[in-house]
$ cat upload_10.csv   # CSV, N, CA and C atoms
chain,number,residue,atom,x,y,z
A,1,MET,N,-17.1,-46.1,60.9
A,1,MET,CA,-16.8,-47.4,60.3
A,1,MET,C,-16.0,-48.3,61.3
A,2,THR,N,-16.2,-49.5,61.2
A,2,THR,CA,-15.5,-50.5,62.0
A,2,THR,C,-14.6,-51.3,61.1
A,3,TRP,N,-13.3,-51.6,61.6
A,3,TRP,CA,-12.4,-52.3,60.8
A,3,TRP,C,-12.0,-53.6,61.6
A,4,ALA,N,-11.5,-54.6,60.9
A,4,ALA,CA,-11.0,-55.8,61.5
A,4,ALA,C,-9.8,-56.3,60.7
A,5,VAL,N,-9.0,-57.2,61.4
A,5,VAL,CA,-7.8,-57.7,60.7
A,5,VAL,C,-8.3,-58.5,59.5
A,6,ASN,N,-7.7,-58.4,58.4
A,6,ASN,CA,-7.9,-59.1,57.2
A,6,ASN,C,-7.6,-60.6,57.5
A,7,PRO,N,-8.5,-61.5,57.3
A,7,PRO,CA,-8.3,-62.9,57.6
A,7,PRO,C,-7.2,-63.6,56.7
A,8,LEU,N,-6.9,-62.9,55.6
A,8,LEU,CA,-5.9,-63.5,54.7
A,8,LEU,C,-4.5,-63.1,55.1
A,9,VAL,N,-4.4,-62.1,56.1
A,9,VAL,CA,-3.1,-61.6,56.5
A,9,VAL,C,-2.5,-62.5,57.6
A,10,GLN,N,-1.2,-62.8,57.6
A,10,GLN,CA,-0.5,-63.5,58.6
A,10,GLN,C,0.5,-62.6,59.2
A,11,LEU,N,0.0,-61.7,60.1
A,11,LEU,CA,0.8,-60.7,60.8
A,11,LEU,C,1.5,-61.2,62.0
A,12,HIS,N,2.8,-61.1,62.1
A,12,HIS,CA,3.5,-61.5,63.3
A,12,HIS,C,4.3,-60.3,63.7
A,13,TRP,N,4.3,-59.9,65.0
A,13,TRP,CA,5.0,-58.8,65.4
A,13,TRP,C,5.5,-59.0,66.8
A,14,ARG,N,6.6,-58.2,67.1
A,14,ARG,CA,7.3,-58.2,68.4
A,14,ARG,C,7.6,-56.8,68.8
A,15,GLY,N,7.4,-56.5,70.1
A,15,GLY,CA,7.7,-55.2,70.6
A,15,GLY,C,8.9,-55.2,71.5
A,16,TRP,N,9.6,-54.0,71.4
A,16,TRP,CA,10.7,-53.8,72.3
A,16,TRP,C,10.6,-52.3,72.8
A,17,GLY,N,10.0,-52.1,73.9
A,17,GLY,CA,9.9,-50.8,74.4
A,17,GLY,C,9.1,-49.9,73.5
A,18,ALA,N,9.7,-48.9,72.9
A,18,ALA,CA,9.1,-47.8,72.1
A,18,ALA,C,8.9,-48.2,70.6
A,19,GLU,N,9.4,-49.4,70.2
A,19,GLU,CA,9.3,-49.8,68.8
A,19,GLU,C,8.9,-51.3,68.8
A,20,ALA,N,8.4,-51.6,67.6
A,20,ALA,CA,8.0,-53.0,67.3
A,20,ALA,C,8.3,-53.3,65.9
A,21,VAL,N,8.5,-54.5,65.5
A,21,VAL,CA,8.7,-54.9,64.1
A,21,VAL,C,7.5,-55.9,63.8
A,22,ALA,N,6.9,-55.6,62.6
A,22,ALA,CA,5.8,-56.4,62.2
A,22,ALA,C,6.2,-57.1,60.9
A,23,PHE,N,5.9,-58.3,60.7
A,23,PHE,CA,6.2,-59.1,59.5
A,23,PHE,C,4.9,-59.7,59.0
A,24,GLU,N,4.6,-59.4,57.8
A,24,GLU,CA,3.4,-60.0,57.2
A,24,GLU,C,3.9,-61.2,56.3
A,25,ALA,N,3.5,-62.4,56.7
A,25,ALA,CA,4.1,-63.6,56.0
A,25,ALA,C,3.7,-63.8,54.6
A,26,VAL,N,2.5,-63.4,54.2
A,26,VAL,CA,2.0,-63.7,52.9
A,26,VAL,C,2.7,-62.8,51.9
A,27,SER,N,2.9,-61.5,52.2
A,27,SER,CA,3.5,-60.6,51.3
A,27,SER,C,5.0,-60.5,51.5
A,28,GLY,N,5.5,-60.9,52.7
A,28,GLY,CA,6.9,-60.8,53.0
A,28,GLY,C,7.3,-59.4,53.5
A,29,GLU,N,6.3,-58.5,53.6
A,29,GLU,CA,6.5,-57.2,54.0
A,29,GLU,C,6.9,-57.1,55.5
A,30,MET,N,7.9,-56.3,55.8
A,30,MET,CA,8.3,-56.0,57.2
A,30,MET,C,8.2,-54.5,57.4
A,31,LEU,N,7.8,-54.1,58.6
A,31,LEU,CA,7.6,-52.7,58.9
A,31,LEU,C,8.0,-52.5,60.4
A,32,VAL,N,8.7,-51.4,60.6
A,32,VAL,CA,9.0,-51.0,62.0
A,32,VAL,C,7.8,-50.1,62.5
A,33,LEU,N,7.3,-50.5,63.6
A,33,LEU,CA,6.1,-49.7,64.2
A,33,LEU,C,6.6,-48.9,65.4
A,34,ASP,N,6.0,-47.7,65.5
A,34,ASP,CA,6.3,-47.0,66.8
A,34,ASP,C,5.3,-47.6,67.9
A,35,ALA,N,5.4,-47.0,69.1
A,35,ALA,CA,4.6,-47.5,70.2
A,35,ALA,C,3.1,-47.4,69.9
A,36,LEU,N,2.6,-46.3,69.3
A,36,LEU,CA,1.2,-46.1,69.0
A,36,LEU,C,0.7,-47.1,67.9
A,37,GLU,N,1.5,-47.2,66.9
A,37,GLU,CA,1.1,-48.2,65.8
A,37,GLU,C,1.0,-49.6,66.4
A,38,ALA,N,2.0,-50.0,67.2
A,38,ALA,CA,1.9,-51.3,67.8
A,38,ALA,C,0.7,-51.5,68.7
A,39,ALA,N,0.4,-50.4,69.5
A,39,ALA,CA,-0.8,-50.5,70.3
A,39,ALA,C,-2.1,-50.6,69.5
A,40,VAL,N,-2.2,-49.9,68.4
A,40,VAL,CA,-3.3,-50.0,67.5
A,40,VAL,C,-3.4,-51.5,66.9
A,41,ALA,N,-2.3,-52.0,66.5
A,41,ALA,CA,-2.3,-53.4,66.0
A,41,ALA,C,-2.7,-54.4,67.0
A,42,GLY,N,-2.2,-54.2,68.3
A,42,GLY,CA,-2.6,-55.1,69.3
A,42,GLY,C,-4.1,-55.0,69.6
A,43,LEU,N,-4.7,-53.9,69.6
A,43,LEU,CA,-6.1,-53.8,69.8
A,43,LEU,C,-6.9,-54.4,68.7
A,44,PHE,N,-6.5,-54.3,67.5
A,44,PHE,CA,-7.2,-55.0,66.4
A,44,PHE,C,-7.0,-56.5,66.5
A,45,GLU,N,-5.9,-57.0,67.0
A,45,GLU,CA,-5.8,-58.4,67.2
A,45,GLU,C,-6.9,-59.0,68.2
A,46,ALA,N,-7.4,-58.1,69.1
A,46,ALA,CA,-8.4,-58.5,70.1
A,46,ALA,C,-9.8,-58.5,69.4
A,47,GLY,N,-10.0,-57.9,68.3
A,47,GLY,CA,-11.3,-57.9,67.6
A,47,GLY,C,-11.5,-56.6,66.9
A,48,PRO,N,-12.6,-56.5,66.1
A,48,PRO,CA,-12.9,-55.3,65.3
A,48,PRO,C,-13.1,-54.1,66.2
A,49,ARG,N,-12.7,-53.0,65.6
A,49,ARG,CA,-12.7,-51.7,66.4
A,49,ARG,C,-13.1,-50.6,65.4
A,50,ASP,N,-13.7,-49.5,66.0
A,50,ASP,CA,-13.9,-48.3,65.3
A,50,ASP,C,-13.0,-47.2,65.8
A,51,LEU,N,-12.9,-46.1,65.1
A,51,LEU,CA,-12.0,-45.0,65.5
A,51,LEU,C,-12.3,-44.5,67.0
A,52,GLN,N,-13.5,-44.3,67.3
A,52,GLN,CA,-13.8,-43.8,68.6
A,52,GLN,C,-13.4,-44.8,69.7
A,53,SER,N,-13.7,-46.1,69.6
A,53,SER,CA,-13.3,-47.0,70.6
A,53,SER,C,-11.7,-47.1,70.7
A,54,LEU,N,-11.1,-47.1,69.6
A,54,LEU,CA,-9.6,-47.1,69.6
A,54,LEU,C,-9.0,-45.9,70.3
A,55,THR,N,-9.6,-44.7,70.0
A,55,THR,CA,-9.1,-43.4,70.6
A,55,THR,C,-9.3,-43.5,72.1
A,56,GLU,N,-10.5,-43.9,72.5
A,56,GLU,CA,-10.8,-43.9,74.0
A,56,GLU,C,-9.9,-44.9,74.7
A,57,ALA,N,-9.7,-46.1,74.1
A,57,ALA,CA,-8.9,-47.1,74.8
A,57,ALA,C,-7.4,-46.7,74.9
A,58,LEU,N,-6.9,-46.1,73.8
A,58,LEU,CA,-5.5,-45.7,73.8
A,58,LEU,C,-5.3,-44.5,74.7
A,59,ALA,N,-6.2,-43.6,74.7
A,59,ALA,CA,-6.1,-42.4,75.5
A,59,ALA,C,-6.2,-42.8,77.0
A,60,ALA,N,-7.0,-43.7,77.4
A,60,ALA,CA,-7.1,-44.2,78.8
A,60,ALA,C,-5.8,-44.9,79.1
A,61,ASP,N,-5.3,-45.7,78.2
A,61,ASP,CA,-4.0,-46.4,78.5
A,61,ASP,C,-2.8,-45.4,78.7
A,62,MET,N,-2.8,-44.3,78.0
A,62,MET,CA,-1.8,-43.4,78.0
A,62,MET,C,-2.0,-42.2,79.1
A,63,GLY,N,-3.2,-42.3,79.7
A,63,GLY,CA,-3.5,-41.2,80.6
A,63,GLY,C,-3.7,-39.8,80.0
A,64,LEU,N,-4.3,-39.8,78.8
A,64,LEU,CA,-4.5,-38.6,78.0
A,64,LEU,C,-6.0,-38.5,77.7
A,65,PRO,N,-6.4,-37.2,77.4
A,65,PRO,CA,-7.8,-37.1,76.9
A,65,PRO,C,-7.9,-37.6,75.5
A,66,PRO,N,-9.1,-38.2,75.2
A,66,PRO,CA,-9.3,-38.7,73.8
A,66,PRO,C,-9.6,-37.5,72.8
A,67,ASP,N,-8.6,-36.7,72.5
A,67,ASP,CA,-8.8,-35.5,71.7
A,67,ASP,C,-8.6,-35.8,70.2
A,68,ALA,N,-8.9,-34.7,69.5
A,68,ALA,CA,-8.9,-34.7,68.0
A,68,ALA,C,-7.5,-35.1,67.4
A,69,ASP,N,-6.4,-34.6,68.1
A,69,ASP,CA,-5.1,-34.9,67.6
A,69,ASP,C,-4.8,-36.4,67.7
A,70,LEU,N,-5.1,-37.0,68.8
A,70,LEU,CA,-4.9,-38.4,68.9
A,70,LEU,C,-5.7,-39.2,67.9
A,71,ALA,N,-7.0,-38.8,67.8
A,71,ALA,CA,-7.9,-39.5,66.8
A,71,ALA,C,-7.3,-39.4,65.4
A,72,ALA,N,-6.8,-38.2,65.0
A,72,ALA,CA,-6.2,-38.0,63.7
A,72,ALA,C,-5.0,-38.9,63.5
A,73,ARG,N,-4.1,-39.1,64.5
A,73,ARG,CA,-3.0,-40.0,64.4
A,73,ARG,C,-3.4,-41.4,64.3
A,74,ILE,N,-4.4,-41.8,65.0
A,74,ILE,CA,-5.0,-43.2,64.9
A,74,ILE,C,-5.6,-43.4,63.5
A,75,ARG,N,-6.3,-42.4,63.1
A,75,ARG,CA,-7.0,-42.6,61.7
A,75,ARG,C,-5.9,-42.8,60.6
A,76,ALA,N,-4.8,-42.0,60.7
A,76,ALA,CA,-3.7,-42.2,59.8
A,76,ALA,C,-3.1,-43.6,59.9
A,77,ILE,N,-3.0,-44.1,61.1
A,77,ILE,CA,-2.4,-45.5,61.2
A,77,ILE,C,-3.4,-46.5,60.6
A,78,ILE,N,-4.7,-46.3,60.9
A,78,ILE,CA,-5.7,-47.2,60.3
A,78,ILE,C,-5.6,-47.2,58.7
A,79,GLU,N,-5.5,-46.0,58.2
A,79,GLU,CA,-5.5,-45.8,56.7
A,79,GLU,C,-4.2,-46.5,56.2
A,80,ASP,N,-3.1,-46.4,56.9
A,80,ASP,CA,-1.9,-47.1,56.4
A,80,ASP,C,-2.1,-48.6,56.5
A,81,PHE,N,-2.7,-49.1,57.6
A,81,PHE,CA,-2.9,-50.6,57.7
A,81,PHE,C,-3.9,-51.1,56.6
A,82,VAL,N,-4.9,-50.2,56.3
A,82,VAL,CA,-5.8,-50.6,55.3
A,82,VAL,C,-5.1,-50.6,53.9
A,83,ALA,N,-4.3,-49.6,53.6
A,83,ALA,CA,-3.6,-49.6,52.4
A,83,ALA,C,-2.6,-50.8,52.2
A,84,ARG,N,-2.1,-51.2,53.3
A,84,ARG,CA,-1.2,-52.4,53.3
A,84,ARG,C,-2.0,-53.7,53.1
A,85,GLY,N,-3.3,-53.6,53.3
A,85,GLY,CA,-4.1,-54.8,53.3
A,85,GLY,C,-4.3,-55.6,54.6
A,86,TRP,N,-3.7,-55.0,55.7
A,86,TRP,CA,-3.8,-55.6,57.0
A,86,TRP,C,-5.1,-55.5,57.6
A,87,LEU,N,-5.9,-54.5,57.3
A,87,LEU,CA,-7.2,-54.3,57.9
A,87,LEU,C,-8.2,-54.2,56.7
A,88,GLN,N,-9.4,-54.5,57.1
A,88,GLN,CA,-10.6,-54.3,56.1
A,88,GLN,C,-11.8,-53.9,56.9
A,89,PRO,N,-12.8,-53.4,56.2
A,89,PRO,CA,-14.1,-53.1,56.9
A,89,PRO,C,-14.6,-54.4,57.5
A,90,ALA,N,-15.1,-54.2,58.8
A,90,ALA,CA,-15.6,-55.4,59.5
A,90,ALA,C,-17.0,-55.8,58.9
A,91,GLU,N,-17.3,-57.0,59.0
A,91,GLU,CA,-18.6,-57.5,58.6
A,91,GLU,C,-19.6,-57.1,59.6
A,92,PRO,N,-20.8,-56.6,59.2
A,92,PRO,CA,-21.8,-56.3,60.2
A,92,PRO,C,-22.2,-57.6,60.9
A,93,MET,N,-22.5,-57.3,62.2
A,93,MET,CA,-22.9,-58.5,63.0
A,93,MET,C,-24.4,-58.7,63.0
$ encode --input "upload_10.csv" --output "structure tokens"
Amino acid sequence: MTWAVNPLVQLHWRGWGAEAVAFEAVSGEMLVLDALEAAVAGLFEAGPRDLQSLTEALAADMGLPPDADLAARIRAIIEDFVARGWLQPAEPM
């Protein structure tokens, strides 16, 4: 499955080293993100992504193999972002 940023979401975030703070203007929700969550959010800002492309991109950036543990952590982040309404399934091209 491929996900994209929900166009109704107005997400603003800033990073400081290992943490970031995200503010969603429509709901007023604020969330502290760790470095991996912030990296996932940043990749989604660049365009729709699937789990495999996210895992490969983040593994390469961190100098790690794209293993099942990393994929599971990324999947949990995606599920959290979907539950918050920040992400939605991408429209087929």
$ residues_around --input "upload_10.csv" --residues "A:Glu45" --least-positions-apart "4" --cutoff "7 Å" --atoms "only N, CA and C atoms" --output "PyMOL selection string"
chain A and resi 5+40-41
$ atom_distance --input "upload_10.csv" --atom1 "atom C of A:Arg84" --atom2 "atom CA of A:Ala38"
15.4 Å
$ atom_distance --input "upload_10.csv" --atom1 "atom N of A:Met30" --atom2 "atom CA of A:Leu51"
24.9 Å
$ residues_around --input "upload_10.csv" --residues "A:Ala90" --least-positions-apart "4" --cutoff "8 Å" --atoms "all atoms listed in the file" --output "PyMOL selection string"
chain A and resi 1-5+48-49
$ residues_around --input "upload_10.csv" --residues "A:Ile78" --least-positions-apart "2" --cutoff "9 Å" --atoms "only C-alpha atoms" --output "list in words"
Trp3, Glu37, Val40, Leu51, Arg73, Ile74, Arg75, Ala76, Asp80, Phe81, Val82, Ala83 and Leu87 of chain A
$ atom_distance --input "upload_10.csv" --atom1 "atom CA of A:Gln10" --atom2 "atom CA of A:Ala59"
27.6 Å
$ select_by_dssp --input "upload_10.csv" --residues "chain A" --states "alpha helix (DSSP H)" --output "ChimeraX atom specification"
/A:35-46,51-62,68-84
$ residues_around --input "upload_10.csv" --residues "A:Leu33" --least-positions-apart "6" --cutoff "6 Å" --atoms "all atoms listed in the file" --output "ChimeraX atom specification"
/A:18-22
$ residues_around --input "upload_10.csv" --residues "A:Leu8" --least-positions-apart "3" --cutoff "12 Å" --atoms "only C-alpha atoms" --output "PDB file with N, CA and C atoms, keeping the file's coordinate frame"
ATOM      1  N   ALA A   4     -11.500 -54.600  60.900  1.00  0.00           N
ATOM      2  CA  ALA A   4     -11.000 -55.800  61.500  1.00  0.00           C
ATOM      3  C   ALA A   4      -9.800 -56.300  60.700  1.00  0.00           C
ATOM      4  N   VAL A   5      -9.000 -57.200  61.400  1.00  0.00           N
ATOM      5  CA  VAL A   5      -7.800 -57.700  60.700  1.00  0.00           C
ATOM      6  C   VAL A   5      -8.300 -58.500  59.500  1.00  0.00           C
ATOM      7  N   LEU A  11       0.000 -61.700  60.100  1.00  0.00           N
ATOM      8  CA  LEU A  11       0.800 -60.700  60.800  1.00  0.00           C
ATOM      9  C   LEU A  11       1.500 -61.200  62.000  1.00  0.00           C
ATOM     10  N   GLU A  24       4.600 -59.400  57.800  1.00  0.00           N
ATOM     11  CA  GLU A  24       3.400 -60.000  57.200  1.00  0.00           C
ATOM     12  C   GLU A  24       3.900 -61.200  56.300  1.00  0.00           C
ATOM     13  N   ALA A  25       3.500 -62.400  56.700  1.00  0.00           N
ATOM     14  CA  ALA A  25       4.100 -63.600  56.000  1.00  0.00           C
ATOM     15  C   ALA A  25       3.700 -63.800  54.600  1.00  0.00           C
ATOM     16  N   VAL A  26       2.500 -63.400  54.200  1.00  0.00           N
ATOM     17  CA  VAL A  26       2.000 -63.700  52.900  1.00  0.00           C
ATOM     18  C   VAL A  26       2.700 -62.800  51.900  1.00  0.00           C
ATOM     19  N   SER A  27       2.900 -61.500  52.200  1.00  0.00           N
ATOM     20  CA  SER A  27       3.500 -60.600  51.300  1.00  0.00           C
ATOM     21  C   SER A  27       5.000 -60.500  51.500  1.00  0.00           C
ATOM     22  N   GLY A  85      -3.300 -53.600  53.300  1.00  0.00           N
ATOM     23  CA  GLY A  85      -4.100 -54.800  53.300  1.00  0.00           C
ATOM     24  C   GLY A  85      -4.300 -55.600  54.600  1.00  0.00           C
ATOM     25  N   TRP A  86      -3.700 -55.000  55.700  1.00  0.00           N
ATOM     26  CA  TRP A  86      -3.800 -55.600  57.000  1.00  0.00           C
ATOM     27  C   TRP A  86      -5.100 -55.500  57.600  1.00  0.00           C
ATOM     28  N   LEU A  87      -5.900 -54.500  57.300  1.00  0.00           N
ATOM     29  CA  LEU A  87      -7.200 -54.300  57.900  1.00  0.00           C
ATOM     30  C   LEU A  87      -8.200 -54.200  56.700  1.00  0.00           C
ATOM     31  N   GLN A  88      -9.400 -54.500  57.100  1.00  0.00           N
ATOM     32  CA  GLN A  88     -10.600 -54.300  56.100  1.00  0.00           C
ATOM     33  C   GLN A  88     -11.800 -53.900  56.900  1.00  0.00           C
TER      34      GLN A  88
END
$ decode --input "upload_10.csv" --residues "stretch 53-88 of chain A" --atoms "N, CA and C atoms" --output "PDB file, in the first residue's frame"
ATOM      1  N   SER A  53       9.773   1.418   0.127  1.00  0.00           N
ATOM      2  CA  SER A  53      10.604   2.568  -0.253  1.00  0.00           C
ATOM      3  C   SER A  53      11.032   3.372   0.972  1.00  0.00           C
ATOM      4  N   LEU A  54      10.142   3.489   1.963  1.00  0.00           N
ATOM      5  CA  LEU A  54      10.512   4.170   3.207  1.00  0.00           C
ATOM      6  C   LEU A  54      11.624   3.421   3.932  1.00  0.00           C
ATOM      7  N   THR A  55      11.476   2.116   4.047  1.00  0.00           N
ATOM      8  CA  THR A  55      12.477   1.302   4.746  1.00  0.00           C
ATOM      9  C   THR A  55      13.824   1.394   4.051  1.00  0.00           C
ATOM     10  N   GLU A  56      13.840   1.283   2.737  1.00  0.00           N
ATOM     11  CA  GLU A  56      15.095   1.359   1.990  1.00  0.00           C
ATOM     12  C   GLU A  56      15.744   2.735   2.122  1.00  0.00           C
ATOM     13  N   ALA A  57      14.952   3.799   2.002  1.00  0.00           N
ATOM     14  CA  ALA A  57      15.496   5.157   2.087  1.00  0.00           C
ATOM     15  C   ALA A  57      16.063   5.446   3.475  1.00  0.00           C
ATOM     16  N   LEU A  58      15.321   5.067   4.508  1.00  0.00           N
ATOM     17  CA  LEU A  58      15.776   5.341   5.867  1.00  0.00           C
ATOM     18  C   LEU A  58      16.965   4.466   6.252  1.00  0.00           C
ATOM     19  N   ALA A  59      16.965   3.216   5.817  1.00  0.00           N
ATOM     20  CA  ALA A  59      18.098   2.330   6.094  1.00  0.00           C
ATOM     21  C   ALA A  59      19.362   2.874   5.438  1.00  0.00           C
ATOM     22  N   ALA A  60      19.254   3.320   4.196  1.00  0.00           N
ATOM     23  CA  ALA A  60      20.411   3.883   3.500  1.00  0.00           C
ATOM     24  C   ALA A  60      20.913   5.139   4.205  1.00  0.00           C
ATOM     25  N   ASP A  61      19.984   5.973   4.650  1.00  0.00           N
ATOM     26  CA  ASP A  61      20.348   7.213   5.346  1.00  0.00           C
ATOM     27  C   ASP A  61      21.058   6.925   6.670  1.00  0.00           C
ATOM     28  N   MET A  62      20.648   5.859   7.352  1.00  0.00           N
ATOM     29  CA  MET A  62      21.232   5.518   8.649  1.00  0.00           C
ATOM     30  C   MET A  62      22.409   4.549   8.536  1.00  0.00           C
ATOM     31  N   GLY A  63      22.687   4.084   7.317  1.00  0.00           N
ATOM     32  CA  GLY A  63      23.776   3.131   7.133  1.00  0.00           C
ATOM     33  C   GLY A  63      23.482   1.760   7.708  1.00  0.00           C
ATOM     34  N   LEU A  64      22.208   1.375   7.672  1.00  0.00           N
ATOM     35  CA  LEU A  64      21.773   0.085   8.214  1.00  0.00           C
ATOM     36  C   LEU A  64      21.159  -0.760   7.106  1.00  0.00           C
ATOM     37  N   PRO A  65      21.084  -2.073   7.318  1.00  0.00           N
ATOM     38  CA  PRO A  65      20.361  -2.906   6.350  1.00  0.00           C
ATOM     39  C   PRO A  65      18.854  -2.682   6.498  1.00  0.00           C
ATOM     40  N   PRO A  66      18.124  -2.745   5.399  1.00  0.00           N
ATOM     41  CA  PRO A  66      16.652  -2.576   5.478  1.00  0.00           C
ATOM     42  C   PRO A  66      15.998  -3.858   5.980  1.00  0.00           C
ATOM     43  N   ASP A  67      16.111  -4.116   7.282  1.00  0.00           N
ATOM     44  CA  ASP A  67      15.649  -5.379   7.843  1.00  0.00           C
ATOM     45  C   ASP A  67      14.211  -5.303   8.346  1.00  0.00           C
ATOM     46  N   ALA A  68      13.729  -6.447   8.808  1.00  0.00           N
ATOM     47  CA  ALA A  68      12.337  -6.575   9.258  1.00  0.00           C
ATOM     48  C   ALA A  68      12.060  -5.731  10.499  1.00  0.00           C
ATOM     49  N   ASP A  69      13.036  -5.573  11.392  1.00  0.00           N
ATOM     50  CA  ASP A  69      12.825  -4.766  12.599  1.00  0.00           C
ATOM     51  C   ASP A  69      12.591  -3.302  12.244  1.00  0.00           C
ATOM     52  N   LEU A  70      13.404  -2.775  11.329  1.00  0.00           N
ATOM     53  CA  LEU A  70      13.228  -1.389  10.900  1.00  0.00           C
ATOM     54  C   LEU A  70      11.879  -1.224  10.198  1.00  0.00           C
ATOM     55  N   ALA A  71      11.535  -2.162   9.329  1.00  0.00           N
ATOM     56  CA  ALA A  71      10.250  -2.104   8.627  1.00  0.00           C
ATOM     57  C   ALA A  71       9.085  -2.126   9.614  1.00  0.00           C
ATOM     58  N   ALA A  72       9.192  -2.932  10.676  1.00  0.00           N
ATOM     59  CA  ALA A  72       8.121  -3.000  11.680  1.00  0.00           C
ATOM     60  C   ALA A  72       7.988  -1.673  12.422  1.00  0.00           C
ATOM     61  N   ARG A  73       9.110  -1.034  12.744  1.00  0.00           N
ATOM     62  CA  ARG A  73       9.061   0.271  13.419  1.00  0.00           C
ATOM     63  C   ARG A  73       8.429   1.320  12.514  1.00  0.00           C
ATOM     64  N   ILE A  74       8.784   1.289  11.231  1.00  0.00           N
ATOM     65  CA  ILE A  74       8.220   2.256  10.282  1.00  0.00           C
ATOM     66  C   ILE A  74       6.731   1.999  10.089  1.00  0.00           C
ATOM     67  N   ARG A  75       6.336   0.738   9.998  1.00  0.00           N
ATOM     68  CA  ARG A  75       4.908   0.399   9.858  1.00  0.00           C
ATOM     69  C   ARG A  75       4.112   0.942  11.050  1.00  0.00           C
ATOM     70  N   ALA A  76       4.650   0.817  12.257  1.00  0.00           N
ATOM     71  CA  ALA A  76       3.963   1.335  13.456  1.00  0.00           C
ATOM     72  C   ALA A  76       3.823   2.860  13.384  1.00  0.00           C
ATOM     73  N   ILE A  77       4.838   3.538  12.877  1.00  0.00           N
ATOM     74  CA  ILE A  77       4.763   4.998  12.718  1.00  0.00           C
ATOM     75  C   ILE A  77       3.691   5.356  11.703  1.00  0.00           C
ATOM     76  N   ILE A  78       3.670   4.651  10.577  1.00  0.00           N
ATOM     77  CA  ILE A  78       2.648   4.905   9.551  1.00  0.00           C
ATOM     78  C   ILE A  78       1.257   4.691  10.149  1.00  0.00           C
ATOM     79  N   GLU A  79       1.058   3.602  10.864  1.00  0.00           N
ATOM     80  CA  GLU A  79      -0.247   3.316  11.463  1.00  0.00           C
ATOM     81  C   GLU A  79      -0.659   4.421  12.432  1.00  0.00           C
ATOM     82  N   ASP A  80       0.295   4.943  13.203  1.00  0.00           N
ATOM     83  CA  ASP A  80       0.001   6.048  14.114  1.00  0.00           C
ATOM     84  C   ASP A  80      -0.390   7.294  13.336  1.00  0.00           C
ATOM     85  N   PHE A  81       0.355   7.619  12.288  1.00  0.00           N
ATOM     86  CA  PHE A  81       0.048   8.804  11.473  1.00  0.00           C
ATOM     87  C   PHE A  81      -1.308   8.656  10.764  1.00  0.00           C
ATOM     88  N   VAL A  82      -1.631   7.444  10.322  1.00  0.00           N
ATOM     89  CA  VAL A  82      -2.943   7.201   9.709  1.00  0.00           C
ATOM     90  C   VAL A  82      -4.039   7.389  10.752  1.00  0.00           C
ATOM     91  N   ALA A  83      -3.857   6.830  11.948  1.00  0.00           N
ATOM     92  CA  ALA A  83      -4.853   6.959  13.016  1.00  0.00           C
ATOM     93  C   ALA A  83      -5.077   8.426  13.394  1.00  0.00           C
ATOM     94  N   ARG A  84      -4.039   9.239  13.319  1.00  0.00           N
ATOM     95  CA  ARG A  84      -4.156  10.670  13.618  1.00  0.00           C
ATOM     96  C   ARG A  84      -4.799  11.446  12.473  1.00  0.00           C
ATOM     97  N   GLY A  85      -4.915  10.791  11.300  1.00  0.00           N
ATOM     98  CA  GLY A  85      -5.479  11.462  10.137  1.00  0.00           C
ATOM     99  C   GLY A  85      -4.455  12.216   9.307  1.00  0.00           C
ATOM    100  N   TRP A  86      -3.176  12.058   9.642  1.00  0.00           N
ATOM    101  CA  TRP A  86      -2.120  12.778   8.925  1.00  0.00           C
ATOM    102  C   TRP A  86      -1.811  12.149   7.569  1.00  0.00           C
ATOM    103  N   LEU A  87      -2.001  10.836   7.471  1.00  0.00           N
ATOM    104  CA  LEU A  87      -1.751  10.113   6.216  1.00  0.00           C
ATOM    105  C   LEU A  87      -3.023   9.421   5.777  1.00  0.00           C
ATOM    106  N   GLN A  88      -3.093   9.181   4.485  1.00  0.00           N
ATOM    107  CA  GLN A  88      -4.207   8.423   3.913  1.00  0.00           C
ATOM    108  C   GLN A  88      -3.677   7.607   2.748  1.00  0.00           C
TER     109      GLN A  88
END
